[in-house]
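Text of final_38.txt, listed as compact mmCIF, C-alpha atoms:
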```txt
# COMPACT_ATOMS: atom_id res chain seq x y z
CA MET W 1 0.00 0.00 0.00
CA ILE W 2 2.99 2.31 0.39
CA TRP W 3 3.23 2.70 -3.38
CA LEU W 4 -0.18 4.40 -3.32
CA LEU W 5 1.14 7.07 -0.95
CA ASN W 6 4.22 7.46 -3.12
CA LEU W 7 2.11 7.81 -6.24
CA ALA W 8 -0.09 10.44 -4.60
CA LEU W 9 2.96 12.39 -3.38
CA LEU W 10 4.65 12.26 -6.79
CA MET W 11 1.52 13.43 -8.59
CA LEU W 12 1.08 16.25 -6.07
CA LEU W 13 4.74 17.11 -6.64
CA VAL W 14 4.20 17.53 -10.37
CA VAL W 15 1.04 19.58 -9.78
CA THR W 16 2.77 21.94 -7.35
CA ALA W 17 5.83 22.27 -9.61
CA ILE W 18 3.63 23.33 -12.54
CA ALA W 19 1.63 25.64 -10.28
CA VAL W 20 4.82 27.43 -9.15
CA VAL W 21 5.81 28.13 -12.75
CA VAL W 22 2.36 29.10 -14.03
CA ASN W 23 1.22 31.31 -11.15
CA LYS W 24 1.47 35.05 -11.77
CA ASP W 25 0.98 35.90 -8.10
CA LEU W 26 4.50 35.62 -6.72
CA LEU W 27 3.41 35.31 -3.09
CA ALA W 28 1.18 32.34 -3.95
CA ALA W 29 4.05 30.88 -5.99
CA ALA W 30 6.40 31.16 -3.00
CA ILE W 31 3.89 29.42 -0.72
CA THR W 32 3.36 26.71 -3.32
CA PHE W 33 7.11 26.28 -3.57
CA SER W 34 7.24 25.66 0.16
CA VAL W 35 4.56 22.99 -0.30
CA TYR W 36 6.71 21.51 -3.07
CA SER W 37 9.72 21.40 -0.71
CA PHE W 38 7.66 19.75 1.99
CA ILE W 39 6.41 17.03 -0.38
CA MET W 40 10.00 16.56 -1.50
CA ALA W 41 11.08 16.17 2.14
CA MET W 42 8.40 13.52 2.66
CA LEU W 43 9.59 11.67 -0.44
CA TYR W 44 13.21 11.77 0.75
CA THR W 45 12.16 10.34 4.10
CA GLN W 46 10.14 7.70 2.28
CA LEU W 47 13.29 6.80 0.30
CA ASN W 48 15.19 6.14 3.57
CA ALA W 49 17.18 9.37 3.43
CA PRO W 50 16.09 11.15 6.62
CA ASP W 51 19.20 13.36 6.64
CA VAL W 52 18.30 14.88 3.30
CA GLY W 53 14.64 15.05 4.29
CA LEU W 54 15.46 17.00 7.44
CA ALA W 55 17.64 19.41 5.50
CA GLU W 56 15.02 19.87 2.79
CA ALA W 57 12.22 20.48 5.31
CA ALA W 58 14.30 23.03 7.23
CA ILE W 59 15.94 24.84 4.32
CA GLY W 60 13.44 24.43 1.49
CA ALA W 61 10.18 24.76 3.37
CA GLY W 62 11.48 27.11 6.06
CA ALA W 63 14.34 29.45 5.30
CA THR W 64 13.97 29.76 1.52
CA THR W 65 10.27 30.63 1.73
CA VAL W 66 10.93 33.35 4.28
CA LEU W 67 13.66 34.85 2.09
CA PHE W 68 11.35 34.73 -0.95
CA ILE W 69 8.56 36.43 0.95
CA ILE W 70 10.90 39.18 2.20
CA ALA W 71 12.12 39.73 -1.36
CA ILE W 72 8.50 39.93 -2.59
CA SER W 73 7.54 42.35 0.17
CA LYS W 74 10.38 44.64 -0.94
CA THR W 75 9.51 44.47 -4.66
CA ALA W 76 6.30 43.82 -6.58
CA ARG W 77 3.85 41.07 -5.78
CA ARG W 78 2.52 40.58 -9.31
CA GLU W 79 4.62 39.26 -12.14
CA GLU W 80 4.63 41.48 -15.23
CA ASP W 81 4.38 40.05 -18.71
CA MET E 1 9.85 43.67 8.21
CA PRO E 2 6.88 45.82 7.19
CA GLU E 3 4.98 45.97 10.48
CA LEU E 4 4.69 44.06 13.69
CA PHE E 5 2.09 41.31 13.76
CA GLU E 6 -0.01 42.31 16.75
CA ASP E 7 -1.82 39.14 17.72
CA VAL E 8 -1.69 37.77 21.24
CA ILE E 9 -2.10 34.13 20.19
CA VAL E 10 0.71 34.25 17.64
CA ARG E 11 3.02 36.10 20.02
CA THR E 12 2.38 33.73 22.93
CA ILE E 13 2.74 30.58 20.85
CA ALA E 14 5.94 31.86 19.26
CA ARG E 15 7.36 32.74 22.68
CA LEU E 16 6.45 29.30 24.04
CA LEU E 17 7.59 27.33 21.01
CA THR E 18 11.01 28.91 20.56
CA PRO E 19 12.86 27.08 23.38
CA PHE E 20 11.60 23.73 22.13
CA ILE E 21 12.72 24.44 18.56
CA GLN E 22 16.15 25.44 19.87
CA LEU E 23 16.31 22.32 22.05
CA PHE E 24 15.48 20.20 19.00
CA ALA E 25 18.23 21.96 17.07
CA LEU E 26 20.73 21.14 19.82
CA TYR E 27 19.52 17.52 19.82
CA VAL E 28 19.97 17.27 16.05
CA LEU E 29 23.44 18.76 16.44
CA MET E 30 24.71 16.63 19.30
CA HIS E 31 23.15 13.38 18.09
CA GLY E 32 24.29 13.88 14.51
CA HIS E 33 26.79 11.04 14.90
CA ALA E 34 24.10 8.52 15.87
CA THR E 35 20.79 9.67 14.40
CA PRO E 36 19.85 11.58 11.24
CA GLY E 37 20.97 15.15 11.34
CA GLY E 38 24.16 17.11 11.64
CA GLY E 39 25.60 20.56 11.51
CA PHE E 40 23.77 21.91 8.48
CA GLN E 41 20.32 20.80 9.57
CA ALA E 42 20.83 21.91 13.17
CA GLY E 43 22.10 25.31 12.07
CA VAL E 44 19.10 25.92 9.87
CA ILE E 45 16.63 24.79 12.54
CA MET E 46 18.31 27.11 15.07
CA ALA E 47 18.15 29.96 12.56
CA ALA E 48 14.48 29.16 11.90
CA SER E 49 13.72 29.72 15.59
CA PHE E 50 15.20 33.22 15.37
CA ILE E 51 13.30 33.86 12.15
CA LEU E 52 10.11 32.84 13.99
CA ILE E 53 10.92 35.34 16.75
CA ALA E 54 11.59 38.05 14.19
CA ILE E 55 8.28 37.43 12.43
CA ALA E 56 6.11 37.09 15.53
CA LEU E 57 7.79 39.35 18.08
CA GLY E 58 9.53 41.88 15.88
CA LEU E 59 12.92 42.16 14.26
CA GLN E 60 14.46 44.06 17.17
CA GLU E 61 13.63 41.28 19.63
CA ALA E 62 15.41 38.71 17.45
CA LYS E 63 18.39 41.01 16.98
CA ASP E 64 18.63 41.38 20.74
CA ARG E 65 18.72 37.61 21.19
CA VAL E 66 21.57 37.09 18.71
CA LYS E 67 23.68 40.20 18.96
CA GLN E 68 25.58 41.28 15.89
CA LYS E 69 28.81 41.41 17.88
CA VAL E 70 28.42 37.70 18.68
CA ARG E 71 26.97 36.65 15.33
CA LEU E 72 29.59 37.97 12.95
CA PRO E 73 32.54 36.22 14.64
CA MET E 74 30.42 33.05 14.86
CA GLU E 75 30.23 33.00 11.09
CA SER E 76 33.94 32.21 10.78
CA PHE E 77 33.74 29.49 13.41
CA GLY E 78 33.16 26.58 11.00
CA PRO E 79 36.12 27.02 8.63
CA LEU E 80 38.27 27.79 11.68
CA THR E 81 37.25 24.53 13.38
CA PHE E 82 38.06 22.58 10.24
CA VAL E 83 41.48 24.18 9.88
CA VAL E 84 42.43 23.83 13.56
CA ILE E 85 41.33 20.19 13.82
CA GLY E 86 42.94 19.36 10.47
CA ILE E 87 46.25 20.86 11.57
CA ILE E 88 46.03 19.01 14.90
CA CYS E 89 45.58 15.80 12.90
CA ILE E 90 48.69 16.62 10.83
CA ALA E 91 50.66 17.43 13.99
CA CYS E 92 49.75 14.02 15.41
CA GLY E 93 51.19 12.24 12.39
CA GLY E 94 48.09 11.66 10.29
CA TYR E 95 46.70 13.25 7.17
CA TYR E 96 44.62 16.43 7.10
CA LEU E 97 41.27 15.66 8.79
CA GLN E 98 42.26 12.07 9.66
CA TYR E 99 40.62 12.37 13.06
CA THR E 100 41.48 8.95 14.47
CA THR E 101 45.22 9.70 14.64
CA VAL E 102 44.84 12.15 17.51
CA PRO E 103 46.02 10.36 20.71
CA LEU E 104 43.41 11.91 22.96
CA LEU E 105 41.74 8.83 24.44
CA PRO E 106 42.71 5.15 24.46
CA SER E 107 39.97 4.22 21.99
CA LEU E 108 40.38 5.57 18.46
CA GLN E 109 36.64 5.38 17.86
CA ALA E 110 35.90 7.70 20.79
CA VAL E 111 38.40 10.24 19.45
CA GLY E 112 36.78 10.06 16.03
CA ALA E 113 33.32 10.58 17.49
CA ILE E 114 34.42 13.53 19.63
CA LEU E 115 36.30 15.32 16.85
CA ILE E 116 33.55 14.68 14.29
CA SER E 117 31.04 16.14 16.75
CA ALA E 118 33.31 19.16 17.22
CA VAL E 119 33.44 19.72 13.47
CA GLU E 120 29.65 19.38 13.31
CA VAL E 121 29.29 22.04 16.01
CA GLY E 122 31.50 24.34 13.94
CA ILE E 123 29.41 23.76 10.83
CA GLY E 124 26.19 24.34 12.77
CA VAL E 125 27.38 27.61 14.30
CA THR E 126 28.47 28.91 10.90
CA VAL E 127 25.21 27.97 9.19
CA MET E 128 23.12 29.46 12.01
CA ALA E 129 25.03 32.75 11.95
CA MET E 130 24.93 32.92 8.16
CA VAL E 131 21.20 32.27 7.76
CA THR E 132 20.24 34.72 10.51
CA THR E 133 22.59 37.35 9.09
CA ILE E 134 21.14 37.00 5.59
CA PHE E 135 17.62 37.21 7.04
CA PHE E 136 18.35 40.28 9.17
CA SER E 137 20.19 41.99 6.33
CA MET E 138 17.32 41.42 3.91
CA ALA E 139 14.53 42.19 6.39
CA GLY E 140 16.07 45.26 7.98
CA GLY E 141 16.62 47.33 4.87
CA LYS E 142 15.44 50.88 4.43
CA HIS E 143 13.14 50.25 1.45
CA ALA E 144 9.50 49.24 2.09
CA MET D 1 8.86 31.12 -34.33
CA ARG D 2 7.62 29.24 -31.27
CA LEU D 3 8.08 25.92 -33.06
CA ALA D 4 11.86 25.82 -32.70
CA PRO D 5 11.95 25.92 -28.86
CA LEU D 6 9.23 23.26 -28.76
CA MET D 7 11.28 21.01 -31.04
CA VAL D 8 14.37 21.51 -28.88
CA VAL D 9 12.43 20.64 -25.75
CA LEU D 10 10.87 17.57 -27.35
CA ILE D 11 14.22 16.29 -28.66
CA ILE D 12 15.95 16.77 -25.30
CA GLY D 13 13.03 15.17 -23.50
CA ALA D 14 13.04 12.15 -25.81
CA THR D 15 16.81 11.76 -25.36
CA LEU D 16 16.42 11.86 -21.57
CA ALA D 17 13.55 9.35 -21.68
CA ILE D 18 15.68 6.95 -23.75
CA ALA D 19 18.61 7.46 -21.37
CA VAL D 20 16.41 6.71 -18.32
CA ALA D 21 15.43 3.37 -19.88
CA GLY D 22 19.10 2.38 -19.91
CA MET D 23 19.68 3.16 -16.25
CA PRO D 24 19.72 0.46 -13.54
CA ALA D 25 16.37 -0.36 -11.96
CA PHE D 26 15.08 1.96 -9.21
CA GLY D 27 16.63 1.00 -5.89
CA SER D 28 18.58 -1.97 -7.25
CA SER D 29 21.55 -2.85 -5.08
CA ASP D 30 23.89 -3.78 -7.95
CA ALA D 31 23.85 -0.33 -9.52
CA PRO D 32 27.39 1.02 -10.16
CA ALA D 33 26.92 3.69 -7.49
CA TYR D 34 26.45 1.02 -4.81
CA THR D 35 29.23 -1.36 -5.86
CA HIS D 36 32.28 0.92 -5.98
CA VAL D 37 33.11 2.32 -2.52
CA VAL D 38 29.84 1.89 -0.65
CA PRO D 39 30.45 -1.71 0.55
CA ARG D 40 33.73 -0.71 2.18
CA TYR D 41 32.12 2.29 3.91
CA LEU D 42 29.29 0.13 5.20
CA GLU D 43 31.62 -2.63 6.46
CA LYS D 44 34.49 -0.57 7.90
CA GLY D 45 32.73 2.75 8.55
CA VAL D 46 31.84 2.33 12.21
CA GLU D 47 35.15 0.83 13.28
CA GLU D 48 37.22 3.38 11.36
CA THR D 49 35.37 6.54 12.31
CA GLY D 50 33.56 5.67 15.54
CA VAL D 51 30.23 7.26 14.55
CA GLY D 52 27.12 5.20 14.00
CA ASN D 53 25.43 7.42 11.44
CA ILE D 54 27.16 6.44 8.20
CA VAL D 55 25.97 9.62 6.47
CA THR D 56 27.80 11.77 9.00
CA ALA D 57 30.83 9.48 8.76
CA ILE D 58 31.01 9.93 4.99
CA VAL D 59 30.25 13.67 5.04
CA VAL D 60 32.72 14.63 7.77
CA TYR D 61 35.35 11.89 7.67
CA TYR D 62 35.72 10.33 4.23
CA ARG D 63 34.62 13.47 2.38
CA GLY D 64 36.05 15.95 4.85
CA TYR D 65 37.62 18.11 2.16
CA ASP D 66 34.28 18.48 0.39
CA THR D 67 32.54 19.53 3.58
CA PHE D 68 35.35 21.97 4.32
CA GLY D 69 34.78 23.51 0.90
CA GLU D 70 31.04 23.59 1.50
CA VAL D 71 31.43 25.44 4.79
CA THR D 72 33.83 27.86 3.11
CA VAL D 73 31.21 28.51 0.42
CA ILE D 74 28.60 29.28 3.11
CA PHE D 75 31.07 31.54 4.91
CA THR D 76 31.82 33.37 1.65
CA ALA D 77 28.09 33.77 0.94
CA GLY D 78 27.56 35.32 4.36
CA ILE D 79 30.48 37.69 3.89
CA ALA D 80 29.15 38.69 0.47
CA VAL D 81 25.70 39.43 1.89
CA ILE D 82 27.20 41.56 4.65
CA ALA D 83 29.32 43.41 2.11
CA LEU D 84 26.45 44.03 -0.32
CA LEU D 85 23.47 44.68 1.95
CA GLY D 86 25.38 46.53 4.63
CA ARG D 87 25.71 45.62 8.28
CA GLU D 88 21.96 45.76 8.96
```

Take the structure in this file and express it as C-alpha cells.
Amino acid sequence: MIWLLNLALLMLLVVTAIAVVVNKDLLAAAITFSVYSFIMAMLYTQLNAPDVGLAEAAIGAGATTVLFIIAISKTARREED
Amino acid sequence: MPELFEDVIVRTIARLLTPFIQLFALYVLMHGHATPGGGFQAGVIMAASFILIAIALGLQEAKDRVKQKVRLPMESFGPLTFVVIGIICIACGGYYLQYTTVPLLPSLQAVGAILISAVEVGIGVTVMAMVTTIFFSMAGGKHA
Amino acid sequence: MRLAPLMVVLIIGATLAIAVAGMPAFGSSDAPAYTHVVPRYLEKGVEETGVGNIVTAIVVYYRGYDTFGEVTVIFTAGIAVIALLGRE
C-alpha cells in the first residue's frame, strides 16, 4: 500500500511544480514552492534518506520561503508580462 | 519587516515554542553522529527559531537575542574549526582531517566521534550565523 | 517562431527518456553507485570513524575536504551578503 502514498505524493509534486511556474501571483508561488519542498522532504524520508529530508524540510520549506517572501515584500507582488 | 504582527495568540505561541525548537536543534546537532541530522540541519533549525521570533515578536527582539557582535565572529567558526582540527591531525602524524590519529583517548573510535562532533558544532554555528545574518540583512533594509 | 523551442524541448526530453530506460532499476543494489566504494564504507565505517550514522561518517570523515569547501562557500556567501546589503 505504500506505493499508493508514493504515487499520490509524486503526482502532487508535479502539480505543485507546474503551479509554481504558471502562477502570476509571486506570493502564492512562494507558498506553493514551500509545499513543493515539503512534499519533496516527505519523499526523501520515504526513500530512507532522513538526513536529506530533514535538511530539505528546514531549508526548502522554512528558510527559503521566508527569504522569498521578504524579497517579494520589498519588490512587486505581481509578475509582469 | 513591514509591520509588527499584533496578535496575542501568535506572540504567545511563538514565545512558548522557541525554546523547544532550539532544544530540538541542539539535539539534532549533538546526536548527529548517531541519528539523522548534523551541523547543516541543526544550524538551519536554530536559525528558523530566530526567524520565527523576528516574524512574531519583531525584528528588534530577534536582533537582541543574537547580537551582531556575537553573530559575525560566529560566522567564521566553521572554517576555523576545520582548519584547527585538520592541523592538529597533521601534527599528530596523520593526514589532514584524519581524526582517528589524535592520541586523545585510548579508543580511536571515541576520538573520532568527539572530533567529528566538534566539526559538526562548527558547521552548525556557521550555518546558524549565516542564515540569521542574511535574514536580518534582507529584512532590515530601508526600502519598504 | 515558437516551433523551434518546442522542437528543442521535445528532442531533449526524448533523449532523456531513452537514457532513463538504460539506467539500472530503481533501488537496485547492484547499480554502479552502490558497488564501488559503498560496501567498504558500510563494512568498515563504524570501526574506522567511531560514529554510528554512516551519512555523518562519509560527510565529515571520508569526504572531509568536500565539507570543508562547503562550509567555506557558506562563509563566503555570508560575507558577500554583509558586504552588499550593509551591516543591517

Kindly list the centre and edge lengths in Å, rounded to one decimal, for the axis-aligned box that covers all listed atoms of stretch 34-38 of chain E plus 6 Å on each of its six sides, as AutoDock Vina command-line options.
```
--center_x 22.0 --center_y 12.8 --center_z 13.6 --size_x 16.3 --size_y 20.6 --size_z 16.6
```

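One finds atom CA of D:Ala31 at 19.3 Å from atom CA of D:Ile54.
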
Sel. within 12 Å of pt (9.8, 38.3, 1.3), counting all atoms listed in the file, output as a PyMOL selection string: (chain W and resi 26-31+63-77) or (chain E and resi 1-2+55+135-136+138-141+144)

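In this structure, atom CA of E:Ala113 sits 26.5 Å away from atom CA of D:Thr35.
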
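Here atom CA of W:Asp25 and atom CA of W:Arg78 stand 5.1 Å from one another.
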
Closest atom pairs, residues of chain D within 10 Å of chain W, all atoms listed in the file, as JSON lines:
```
{"residue": "D:Gly27", "atom": "CA", "partner": "W:Leu47", "partner_atom": "CA", "distance": 9.1}
{"residue": "D:Asn53", "atom": "CA", "partner": "W:Asp51", "partner_atom": "CA", "distance": 9.9}
{"residue": "D:Val55", "atom": "CA", "partner": "W:Asp51", "partner_atom": "CA", "distance": 7.7}
{"residue": "D:Thr56", "atom": "CA", "partner": "W:Asp51", "partner_atom": "CA", "distance": 9.1}
```

Contact residues around stretch 27-44 of chain E with all atoms listed in the file at 10 Å, ignoring same-chain residues under 2 positions, as number ranges by chain: W: 49-59, 62-63; E: 21-25, 46-50, 78, 113-114, 116-132; D: 50-57, 59-60, 71

Counting only C-alpha atoms, chain D residues within 12 Å of chain E, as a compact mmCIF listing (two decimals) with C-alpha atoms, in the frame of the given file:
```txt
# COMPACT_ATOMS: atom_id res chain seq x y z
CA LYS D 44 34.49 -0.57 7.90
CA GLY D 45 32.73 2.75 8.55
CA VAL D 46 31.84 2.33 12.21
CA GLU D 47 35.15 0.83 13.28
CA GLU D 48 37.22 3.38 11.36
CA THR D 49 35.37 6.54 12.31
CA GLY D 50 33.56 5.67 15.54
CA VAL D 51 30.23 7.26 14.55
CA GLY D 52 27.12 5.20 14.00
CA ASN D 53 25.43 7.42 11.44
CA ILE D 54 27.16 6.44 8.20
CA VAL D 55 25.97 9.62 6.47
CA THR D 56 27.80 11.77 9.00
CA ALA D 57 30.83 9.48 8.76
CA ILE D 58 31.01 9.93 4.99
CA VAL D 59 30.25 13.67 5.04
CA VAL D 60 32.72 14.63 7.77
CA TYR D 61 35.35 11.89 7.67
CA TYR D 62 35.72 10.33 4.23
CA ARG D 63 34.62 13.47 2.38
CA GLY D 64 36.05 15.95 4.85
CA TYR D 65 37.62 18.11 2.16
CA ASP D 66 34.28 18.48 0.39
CA THR D 67 32.54 19.53 3.58
CA PHE D 68 35.35 21.97 4.32
CA GLY D 69 34.78 23.51 0.90
CA GLU D 70 31.04 23.59 1.50
CA VAL D 71 31.43 25.44 4.79
CA THR D 72 33.83 27.86 3.11
CA VAL D 73 31.21 28.51 0.42
CA ILE D 74 28.60 29.28 3.11
CA PHE D 75 31.07 31.54 4.91
CA THR D 76 31.82 33.37 1.65
CA ALA D 77 28.09 33.77 0.94
CA GLY D 78 27.56 35.32 4.36
CA ILE D 79 30.48 37.69 3.89
CA ALA D 80 29.15 38.69 0.47
CA VAL D 81 25.70 39.43 1.89
CA ILE D 82 27.20 41.56 4.65
CA ALA D 83 29.32 43.41 2.11
CA LEU D 84 26.45 44.03 -0.32
CA LEU D 85 23.47 44.68 1.95
CA GLY D 86 25.38 46.53 4.63
CA ARG D 87 25.71 45.62 8.28
CA GLU D 88 21.96 45.76 8.96
```

Spatial neighbours of stretch 4-15 of chain W, max dist 7 Å, all atoms listed in the file, sep filter under 4 positions, as a PyMOL selection string: chain W and resi 19+36+39
